[in-house]
$ cat start01.txt   # compact mmCIF, N, CA, C and O atoms
# COMPACT_ATOMS: atom_id res chain seq x y z
N MET A 1 -26.15 -71.67 41.68
CA MET A 1 -25.57 -72.05 40.41
C MET A 1 -24.06 -72.16 40.60
O MET A 1 -23.43 -71.31 41.22
N ASN A 2 -23.48 -73.22 40.05
CA ASN A 2 -22.05 -73.43 40.09
C ASN A 2 -21.47 -73.25 38.69
O ASN A 2 -21.97 -73.84 37.73
N LEU A 3 -20.43 -72.43 38.59
CA LEU A 3 -19.77 -72.17 37.33
C LEU A 3 -18.27 -72.39 37.49
O LEU A 3 -17.73 -72.20 38.58
N GLN A 4 -17.61 -72.78 36.42
CA GLN A 4 -16.15 -72.85 36.39
C GLN A 4 -15.69 -71.57 35.69
O GLN A 4 -16.02 -71.36 34.52
N ILE A 5 -14.95 -70.73 36.40
CA ILE A 5 -14.46 -69.48 35.82
C ILE A 5 -12.94 -69.48 35.91
O ILE A 5 -12.38 -69.54 37.00
N ASN A 6 -12.31 -69.48 34.75
CA ASN A 6 -10.85 -69.53 34.66
C ASN A 6 -10.27 -70.68 35.48
O ASN A 6 -9.30 -70.53 36.20
N GLY A 7 -10.93 -71.84 35.38
CA GLY A 7 -10.45 -73.03 36.04
C GLY A 7 -10.79 -73.15 37.51
O GLY A 7 -10.42 -74.12 38.16
N GLU A 8 -11.51 -72.17 38.04
CA GLU A 8 -11.86 -72.17 39.46
C GLU A 8 -13.37 -72.32 39.62
O GLU A 8 -14.15 -71.63 38.96
N SER A 9 -13.79 -73.20 40.52
CA SER A 9 -15.21 -73.39 40.78
C SER A 9 -15.74 -72.22 41.59
O SER A 9 -15.16 -71.85 42.60
N ARG A 10 -16.84 -71.62 41.11
CA ARG A 10 -17.47 -70.50 41.82
C ARG A 10 -18.95 -70.80 41.98
O ARG A 10 -19.59 -71.32 41.07
N SER A 11 -19.48 -70.45 43.14
CA SER A 11 -20.89 -70.67 43.43
C SER A 11 -21.60 -69.33 43.51
O SER A 11 -21.09 -68.39 44.13
N PHE A 12 -22.77 -69.24 42.91
CA PHE A 12 -23.57 -68.02 42.90
C PHE A 12 -24.96 -68.34 43.45
O PHE A 12 -25.78 -68.95 42.76
N PRO A 13 -25.24 -67.92 44.70
CA PRO A 13 -26.55 -68.19 45.29
C PRO A 13 -27.68 -67.54 44.48
O PRO A 13 -28.72 -68.15 44.30
N ASP A 14 -27.45 -66.31 44.03
CA ASP A 14 -28.42 -65.64 43.15
C ASP A 14 -27.91 -65.81 41.73
O ASP A 14 -27.09 -65.02 41.25
N ALA A 15 -28.38 -66.84 41.08
CA ALA A 15 -27.88 -67.20 39.75
C ALA A 15 -28.03 -66.05 38.76
O ALA A 15 -29.14 -65.55 38.56
N PRO A 16 -26.91 -65.63 38.14
CA PRO A 16 -27.02 -64.61 37.09
C PRO A 16 -27.78 -65.19 35.90
O PRO A 16 -27.53 -66.32 35.49
N GLU A 17 -28.73 -64.42 35.38
CA GLU A 17 -29.58 -64.92 34.31
C GLU A 17 -28.91 -64.94 32.95
O GLU A 17 -29.32 -65.67 32.07
N SER A 18 -27.89 -64.09 32.79
CA SER A 18 -27.23 -63.99 31.49
C SER A 18 -25.75 -63.75 31.68
O SER A 18 -25.28 -63.45 32.78
N LEU A 19 -25.03 -63.85 30.59
CA LEU A 19 -23.60 -63.58 30.63
C LEU A 19 -23.34 -62.12 31.01
O LEU A 19 -22.44 -61.83 31.79
N ALA A 20 -24.17 -61.21 30.53
CA ALA A 20 -24.03 -59.79 30.90
C ALA A 20 -24.23 -59.60 32.40
O ALA A 20 -23.50 -58.84 33.04
N ALA A 21 -25.18 -60.32 32.98
CA ALA A 21 -25.43 -60.22 34.42
C ALA A 21 -24.25 -60.77 35.21
O ALA A 21 -23.90 -60.23 36.27
N LEU A 22 -23.61 -61.81 34.71
CA LEU A 22 -22.43 -62.36 35.38
C LEU A 22 -21.28 -61.36 35.36
O LEU A 22 -20.63 -61.13 36.38
N VAL A 23 -21.04 -60.76 34.21
CA VAL A 23 -19.96 -59.77 34.10
C VAL A 23 -20.21 -58.62 35.08
O VAL A 23 -19.30 -58.17 35.76
N ALA A 24 -21.45 -58.18 35.19
CA ALA A 24 -21.80 -57.12 36.14
C ALA A 24 -21.61 -57.60 37.58
O ALA A 24 -21.08 -56.87 38.42
N ALA A 25 -22.03 -58.84 37.89
CA ALA A 25 -21.89 -59.37 39.24
C ALA A 25 -20.43 -59.49 39.66
O ALA A 25 -20.10 -59.36 40.85
N LEU A 26 -19.57 -59.72 38.70
CA LEU A 26 -18.14 -59.83 38.98
C LEU A 26 -17.45 -58.45 38.99
O LEU A 26 -16.24 -58.37 39.17
N ALA A 27 -18.24 -57.39 38.77
CA ALA A 27 -17.75 -56.01 38.74
C ALA A 27 -16.65 -55.81 37.71
O ALA A 27 -15.66 -55.12 37.95
N LEU A 28 -16.84 -56.44 36.54
CA LEU A 28 -15.89 -56.28 35.45
C LEU A 28 -16.37 -55.22 34.48
O LEU A 28 -17.58 -55.05 34.29
N LYS A 29 -15.44 -54.52 33.86
CA LYS A 29 -15.79 -53.53 32.84
C LYS A 29 -15.98 -54.26 31.52
O LYS A 29 -15.03 -54.85 30.99
N PRO A 30 -17.19 -54.26 30.98
CA PRO A 30 -17.49 -55.04 29.78
C PRO A 30 -16.60 -54.71 28.58
O PRO A 30 -16.33 -55.59 27.77
N ASP A 31 -16.15 -53.48 28.49
CA ASP A 31 -15.33 -53.11 27.34
C ASP A 31 -13.88 -53.53 27.49
O ASP A 31 -13.07 -53.31 26.60
N ARG A 32 -13.55 -54.17 28.62
CA ARG A 32 -12.16 -54.58 28.86
C ARG A 32 -11.99 -56.08 29.06
O ARG A 32 -10.95 -56.53 29.51
N VAL A 33 -13.03 -56.86 28.73
CA VAL A 33 -12.92 -58.31 28.88
C VAL A 33 -13.45 -59.02 27.63
O VAL A 33 -14.27 -58.47 26.88
N ALA A 34 -12.97 -60.22 27.44
CA ALA A 34 -13.50 -61.13 26.42
C ALA A 34 -13.93 -62.39 27.18
O ALA A 34 -13.29 -62.77 28.17
N VAL A 35 -15.00 -63.01 26.71
CA VAL A 35 -15.54 -64.17 27.42
C VAL A 35 -15.71 -65.35 26.47
O VAL A 35 -16.26 -65.21 25.38
N GLU A 36 -15.23 -66.49 26.94
CA GLU A 36 -15.43 -67.76 26.26
C GLU A 36 -16.35 -68.59 27.13
O GLU A 36 -16.10 -68.75 28.33
N LEU A 37 -17.43 -69.08 26.56
CA LEU A 37 -18.40 -69.91 27.28
C LEU A 37 -18.42 -71.29 26.65
O LEU A 37 -18.73 -71.43 25.45
N ASN A 38 -18.04 -72.29 27.44
CA ASN A 38 -18.00 -73.67 26.96
C ASN A 38 -17.23 -73.79 25.64
O ASN A 38 -17.69 -74.37 24.67
N ARG A 39 -16.05 -73.15 25.64
CA ARG A 39 -15.09 -73.21 24.52
C ARG A 39 -15.51 -72.43 23.28
O ARG A 39 -14.96 -72.65 22.20
N GLU A 40 -16.48 -71.54 23.41
CA GLU A 40 -16.87 -70.68 22.29
C GLU A 40 -16.84 -69.23 22.73
O GLU A 40 -17.43 -68.87 23.76
N ILE A 41 -16.15 -68.39 21.96
CA ILE A 41 -16.11 -66.96 22.27
C ILE A 41 -17.49 -66.37 22.01
O ILE A 41 -18.11 -66.64 20.97
N VAL A 42 -17.97 -65.61 22.97
CA VAL A 42 -19.29 -64.99 22.84
C VAL A 42 -19.11 -63.51 22.54
O VAL A 42 -18.51 -62.78 23.35
N PRO A 43 -19.59 -63.04 21.39
CA PRO A 43 -19.49 -61.61 21.09
C PRO A 43 -20.22 -60.78 22.14
O PRO A 43 -21.27 -61.19 22.66
N ARG A 44 -19.67 -59.63 22.45
CA ARG A 44 -20.21 -58.76 23.51
C ARG A 44 -21.69 -58.43 23.27
O ARG A 44 -22.47 -58.36 24.22
N ASP A 45 -22.10 -58.23 22.04
CA ASP A 45 -23.50 -57.86 21.78
C ASP A 45 -24.48 -59.01 22.07
O ASP A 45 -25.68 -58.79 22.17
N ARG A 46 -23.96 -60.23 22.25
CA ARG A 46 -24.82 -61.37 22.57
C ARG A 46 -24.87 -61.67 24.07
O ARG A 46 -25.66 -62.52 24.51
N TRP A 47 -24.04 -61.00 24.88
CA TRP A 47 -24.00 -61.27 26.31
C TRP A 47 -25.36 -61.15 26.99
O TRP A 47 -25.73 -62.01 27.78
N PRO A 48 -26.15 -60.09 26.71
CA PRO A 48 -27.45 -59.97 27.40
C PRO A 48 -28.43 -61.11 27.06
O PRO A 48 -29.35 -61.38 27.81
N HIS A 49 -28.21 -61.77 25.91
CA HIS A 49 -29.13 -62.81 25.45
C HIS A 49 -28.55 -64.21 25.60
O HIS A 49 -29.13 -65.17 25.09
N THR A 50 -27.40 -64.33 26.28
CA THR A 50 -26.75 -65.62 26.45
C THR A 50 -27.01 -66.14 27.87
O THR A 50 -26.45 -65.61 28.83
N PRO A 51 -27.88 -67.14 28.00
CA PRO A 51 -28.19 -67.68 29.34
C PRO A 51 -27.03 -68.50 29.88
O PRO A 51 -26.23 -69.06 29.12
N LEU A 52 -26.96 -68.57 31.19
CA LEU A 52 -25.97 -69.42 31.85
C LEU A 52 -26.69 -70.59 32.50
O LEU A 52 -27.84 -70.48 32.90
N HIS A 53 -25.98 -71.72 32.57
CA HIS A 53 -26.54 -72.93 33.14
C HIS A 53 -25.56 -73.51 34.16
O HIS A 53 -24.34 -73.34 34.02
N ASP A 54 -26.09 -74.19 35.14
CA ASP A 54 -25.27 -74.81 36.16
C ASP A 54 -24.21 -75.69 35.49
O ASP A 54 -24.53 -76.48 34.60
N GLY A 55 -22.95 -75.51 35.89
CA GLY A 55 -21.86 -76.32 35.35
C GLY A 55 -21.16 -75.72 34.15
O GLY A 55 -20.19 -76.32 33.66
N ASP A 56 -21.63 -74.58 33.64
CA ASP A 56 -20.96 -73.95 32.50
C ASP A 56 -19.51 -73.62 32.84
O ASP A 56 -19.17 -73.33 33.99
N CYS A 57 -18.66 -73.67 31.83
CA CYS A 57 -17.24 -73.32 31.97
C CYS A 57 -16.96 -72.04 31.21
O CYS A 57 -17.30 -71.92 30.03
N LEU A 58 -16.37 -71.08 31.90
CA LEU A 58 -16.07 -69.79 31.29
C LEU A 58 -14.59 -69.47 31.44
O LEU A 58 -13.97 -69.81 32.44
N GLU A 59 -14.06 -68.80 30.44
CA GLU A 59 -12.74 -68.21 30.52
C GLU A 59 -12.96 -66.73 30.28
O GLU A 59 -13.59 -66.33 29.30
N ILE A 60 -12.48 -65.91 31.21
CA ILE A 60 -12.63 -64.47 31.09
C ILE A 60 -11.25 -63.87 31.04
O ILE A 60 -10.42 -64.08 31.93
N VAL A 61 -10.99 -63.13 29.97
CA VAL A 61 -9.69 -62.53 29.74
C VAL A 61 -9.81 -61.02 29.89
O VAL A 61 -10.69 -60.41 29.27
N HIS A 62 -8.94 -60.44 30.72
CA HIS A 62 -8.92 -58.99 30.92
C HIS A 62 -7.88 -58.37 30.00
O HIS A 62 -6.75 -58.85 29.92
N PHE A 63 -8.26 -57.30 29.32
CA PHE A 63 -7.31 -56.57 28.50
C PHE A 63 -6.60 -55.55 29.38
O PHE A 63 -7.23 -54.85 30.17
N VAL A 64 -5.30 -55.50 29.23
CA VAL A 64 -4.50 -54.57 30.03
C VAL A 64 -3.73 -53.68 29.06
O VAL A 64 -3.02 -54.17 28.19
N GLY A 65 -3.89 -52.37 29.23
CA GLY A 65 -3.15 -51.43 28.40
C GLY A 65 -1.79 -51.14 29.00
O GLY A 65 -1.52 -51.41 30.15
N GLY A 66 -0.96 -50.57 28.20
CA GLY A 66 0.35 -50.21 28.71
C GLY A 66 1.33 -50.05 27.57
O GLY A 66 0.97 -50.07 26.40
N GLY A 67 2.56 -49.87 27.93
CA GLY A 67 3.59 -49.69 26.92
C GLY A 67 3.82 -48.23 26.63
O GLY A 67 3.35 -47.35 27.31
N ARG A 68 4.57 -48.01 25.62
CA ARG A 68 4.92 -46.63 25.26
C ARG A 68 4.21 -46.17 24.03
O ARG A 68 3.90 -46.70 23.12
$ encode --input "start01.txt" --output "structure tokens"
Amino acid sequence: MNLQINGESRSFPDAPESLAALVAALALKPDRVAVELNREIVPRDRWPHTPLHDGDCLEIVHFVGGGR
């Protein structure tokens, strides 16, 4: 499966079945990212039920804490 992630083409030989599986495969902490799939923000509770398809475009944003 080929996906566009943050503007970069990525290939996954073992296609992740869902958005939740992709987040896990990328070793991301689910509570620290937001995901847009094909220009639509996907709520975290829908990730396990959101299938991925060859050619999908994703934007993944990491939340970073800091400051005083």
$ select_by_dssp --input "start01.txt" --residues "chain A" --states "strand (DSSP E)" --output "number ranges by chain"
A: 2-5, 8-11, 33-37, 40-41, 57-62
$ write_last_selection --input "start01.txt" --atoms "N, CA, C and O atoms" --output "JSON list (two decimals), keeping the file's coordinate frame"
[["chain", "number", "residue", "atom", "x", "y", "z"],
["A", 2, "ASN", "N", -23.48, -73.22, 40.05],
["A", 2, "ASN", "CA", -22.05, -73.43, 40.09],
["A", 2, "ASN", "C", -21.47, -73.25, 38.69],
["A", 2, "ASN", "O", -21.97, -73.84, 37.73],
["A", 3, "LEU", "N", -20.43, -72.43, 38.59],
["A", 3, "LEU", "CA", -19.77, -72.17, 37.33],
["A", 3, "LEU", "C", -18.27, -72.39, 37.49],
["A", 3, "LEU", "O", -17.73, -72.20, 38.58],
["A", 4, "GLN", "N", -17.61, -72.78, 36.42],
["A", 4, "GLN", "CA", -16.15, -72.85, 36.39],
["A", 4, "GLN", "C", -15.69, -71.57, 35.69],
["A", 4, "GLN", "O", -16.02, -71.36, 34.52],
["A", 5, "ILE", "N", -14.95, -70.73, 36.40],
["A", 5, "ILE", "CA", -14.46, -69.48, 35.82],
["A", 5, "ILE", "C", -12.94, -69.48, 35.91],
["A", 5, "ILE", "O", -12.38, -69.54, 37.00],
["A", 8, "GLU", "N", -11.51, -72.17, 38.04],
["A", 8, "GLU", "CA", -11.86, -72.17, 39.46],
["A", 8, "GLU", "C", -13.37, -72.32, 39.62],
["A", 8, "GLU", "O", -14.15, -71.63, 38.96],
["A", 9, "SER", "N", -13.79, -73.20, 40.52],
["A", 9, "SER", "CA", -15.21, -73.39, 40.78],
["A", 9, "SER", "C", -15.74, -72.22, 41.59],
["A", 9, "SER", "O", -15.16, -71.85, 42.60],
["A", 10, "ARG", "N", -16.84, -71.62, 41.11],
["A", 10, "ARG", "CA", -17.47, -70.50, 41.82],
["A", 10, "ARG", "C", -18.95, -70.80, 41.98],
["A", 10, "ARG", "O", -19.59, -71.32, 41.07],
["A", 11, "SER", "N", -19.48, -70.45, 43.14],
["A", 11, "SER", "CA", -20.89, -70.67, 43.43],
["A", 11, "SER", "C", -21.60, -69.33, 43.51],
["A", 11, "SER", "O", -21.09, -68.39, 44.13],
["A", 33, "VAL", "N", -13.03, -56.86, 28.73],
["A", 33, "VAL", "CA", -12.92, -58.31, 28.88],
["A", 33, "VAL", "C", -13.45, -59.02, 27.63],
["A", 33, "VAL", "O", -14.27, -58.47, 26.88],
["A", 34, "ALA", "N", -12.97, -60.22, 27.44],
["A", 34, "ALA", "CA", -13.50, -61.13, 26.42],
["A", 34, "ALA", "C", -13.93, -62.39, 27.18],
["A", 34, "ALA", "O", -13.29, -62.77, 28.17],
["A", 35, "VAL", "N", -15.00, -63.01, 26.71],
["A", 35, "VAL", "CA", -15.54, -64.17, 27.42],
["A", 35, "VAL", "C", -15.71, -65.35, 26.47],
["A", 35, "VAL", "O", -16.26, -65.21, 25.38],
["A", 36, "GLU", "N", -15.23, -66.49, 26.94],
["A", 36, "GLU", "CA", -15.43, -67.76, 26.26],
["A", 36, "GLU", "C", -16.35, -68.59, 27.13],
["A", 36, "GLU", "O", -16.10, -68.75, 28.33],
["A", 37, "LEU", "N", -17.43, -69.08, 26.56],
["A", 37, "LEU", "CA", -18.40, -69.91, 27.28],
["A", 37, "LEU", "C", -18.42, -71.29, 26.65],
["A", 37, "LEU", "O", -18.73, -71.43, 25.45],
["A", 40, "GLU", "N", -16.48, -71.54, 23.41],
["A", 40, "GLU", "CA", -16.87, -70.68, 22.29],
["A", 40, "GLU", "C", -16.84, -69.23, 22.73],
["A", 40, "GLU", "O", -17.43, -68.87, 23.76],
["A", 41, "ILE", "N", -16.15, -68.39, 21.96],
["A", 41, "ILE", "CA", -16.11, -66.96, 22.27],
["A", 41, "ILE", "C", -17.49, -66.37, 22.01],
["A", 41, "ILE", "O", -18.11, -66.64, 20.97],
["A", 57, "CYS", "N", -18.66, -73.67, 31.83],
["A", 57, "CYS", "CA", -17.24, -73.32, 31.97],
["A", 57, "CYS", "C", -16.96, -72.04, 31.21],
["A", 57, "CYS", "O", -17.30, -71.92, 30.03],
["A", 58, "LEU", "N", -16.37, -71.08, 31.90],
["A", 58, "LEU", "CA", -16.07, -69.79, 31.29],
["A", 58, "LEU", "C", -14.59, -69.47, 31.44],
["A", 58, "LEU", "O", -13.97, -69.81, 32.44],
["A", 59, "GLU", "N", -14.06, -68.80, 30.44],
["A", 59, "GLU", "CA", -12.74, -68.21, 30.52],
["A", 59, "GLU", "C", -12.96, -66.73, 30.28],
["A", 59, "GLU", "O", -13.59, -66.33, 29.30],
["A", 60, "ILE", "N", -12.48, -65.91, 31.21],
["A", 60, "ILE", "CA", -12.63, -64.47, 31.09],
["A", 60, "ILE", "C", -11.25, -63.87, 31.04],
["A", 60, "ILE", "O", -10.42, -64.08, 31.93],
["A", 61, "VAL", "N", -10.99, -63.13, 29.97],
["A", 61, "VAL", "CA", -9.69, -62.53, 29.74],
["A", 61, "VAL", "C", -9.81, -61.02, 29.89],
["A", 61, "VAL", "O", -10.69, -60.41, 29.27],
["A", 62, "HIS", "N", -8.94, -60.44, 30.72],
["A", 62, "HIS", "CA", -8.92, -58.99, 30.92],
["A", 62, "HIS", "C", -7.88, -58.37, 30.00],
["A", 62, "HIS", "O", -6.75, -58.85, 29.92]]
$ closest_residue --input "start01.txt" --among "A:His49, A:Ile5, A:Arg39, A:Cys57" --to "Ala20 in chain A" --atoms "only N, CA, C and O atoms"
A:His49
$ atom_distance --input "start01.txt" --atom1 "CA of Val35 in chain A" --atom2 "CA of Asp14 in chain A"
20.4 Å
$ atom_distance --input "start01.txt" --atom1 "CA of Leu19 in chain A" --atom2 "atom N of His62 in chain A"
15.0 Å
$ atom_distance --input "start01.txt" --atom1 "CA of Asn38 in chain A" --atom2 "CA of Ser11 in chain A"
17.0 Å
$ residues_near_point --input "start01.txt" --point "(-10.3, -60.0, 31.2)" --cutoff "7 Å" --atoms "only C-alpha atoms" --output "ChimeraX atom specification"
/A:32-34,60-63
$ write_last_selection --input "start01.txt" --atoms "N, CA, C and O atoms" --output "JSON list (two decimals), in the frame of the given file"
[["chain", "number", "residue", "atom", "x", "y", "z"],
["A", 32, "ARG", "N", -13.55, -54.17, 28.62],
["A", 32, "ARG", "CA", -12.16, -54.58, 28.86],
["A", 32, "ARG", "C", -11.99, -56.08, 29.06],
["A", 32, "ARG", "O", -10.95, -56.53, 29.51],
["A", 33, "VAL", "N", -13.03, -56.86, 28.73],
["A", 33, "VAL", "CA", -12.92, -58.31, 28.88],
["A", 33, "VAL", "C", -13.45, -59.02, 27.63],
["A", 33, "VAL", "O", -14.27, -58.47, 26.88],
["A", 34, "ALA", "N", -12.97, -60.22, 27.44],
["A", 34, "ALA", "CA", -13.50, -61.13, 26.42],
["A", 34, "ALA", "C", -13.93, -62.39, 27.18],
["A", 34, "ALA", "O", -13.29, -62.77, 28.17],
["A", 60, "ILE", "N", -12.48, -65.91, 31.21],
["A", 60, "ILE", "CA", -12.63, -64.47, 31.09],
["A", 60, "ILE", "C", -11.25, -63.87, 31.04],
["A", 60, "ILE", "O", -10.42, -64.08, 31.93],
["A", 61, "VAL", "N", -10.99, -63.13, 29.97],
["A", 61, "VAL", "CA", -9.69, -62.53, 29.74],
["A", 61, "VAL", "C", -9.81, -61.02, 29.89],
["A", 61, "VAL", "O", -10.69, -60.41, 29.27],
["A", 62, "HIS", "N", -8.94, -60.44, 30.72],
["A", 62, "HIS", "CA", -8.92, -58.99, 30.92],
["A", 62, "HIS", "C", -7.88, -58.37, 30.00],
["A", 62, "HIS", "O", -6.75, -58.85, 29.92],
["A", 63, "PHE", "N", -8.26, -57.30, 29.32],
["A", 63, "PHE", "CA", -7.31, -56.57, 28.50],
["A", 63, "PHE", "C", -6.60, -55.55, 29.38],
["A", 63, "PHE", "O", -7.23, -54.85, 30.17]]
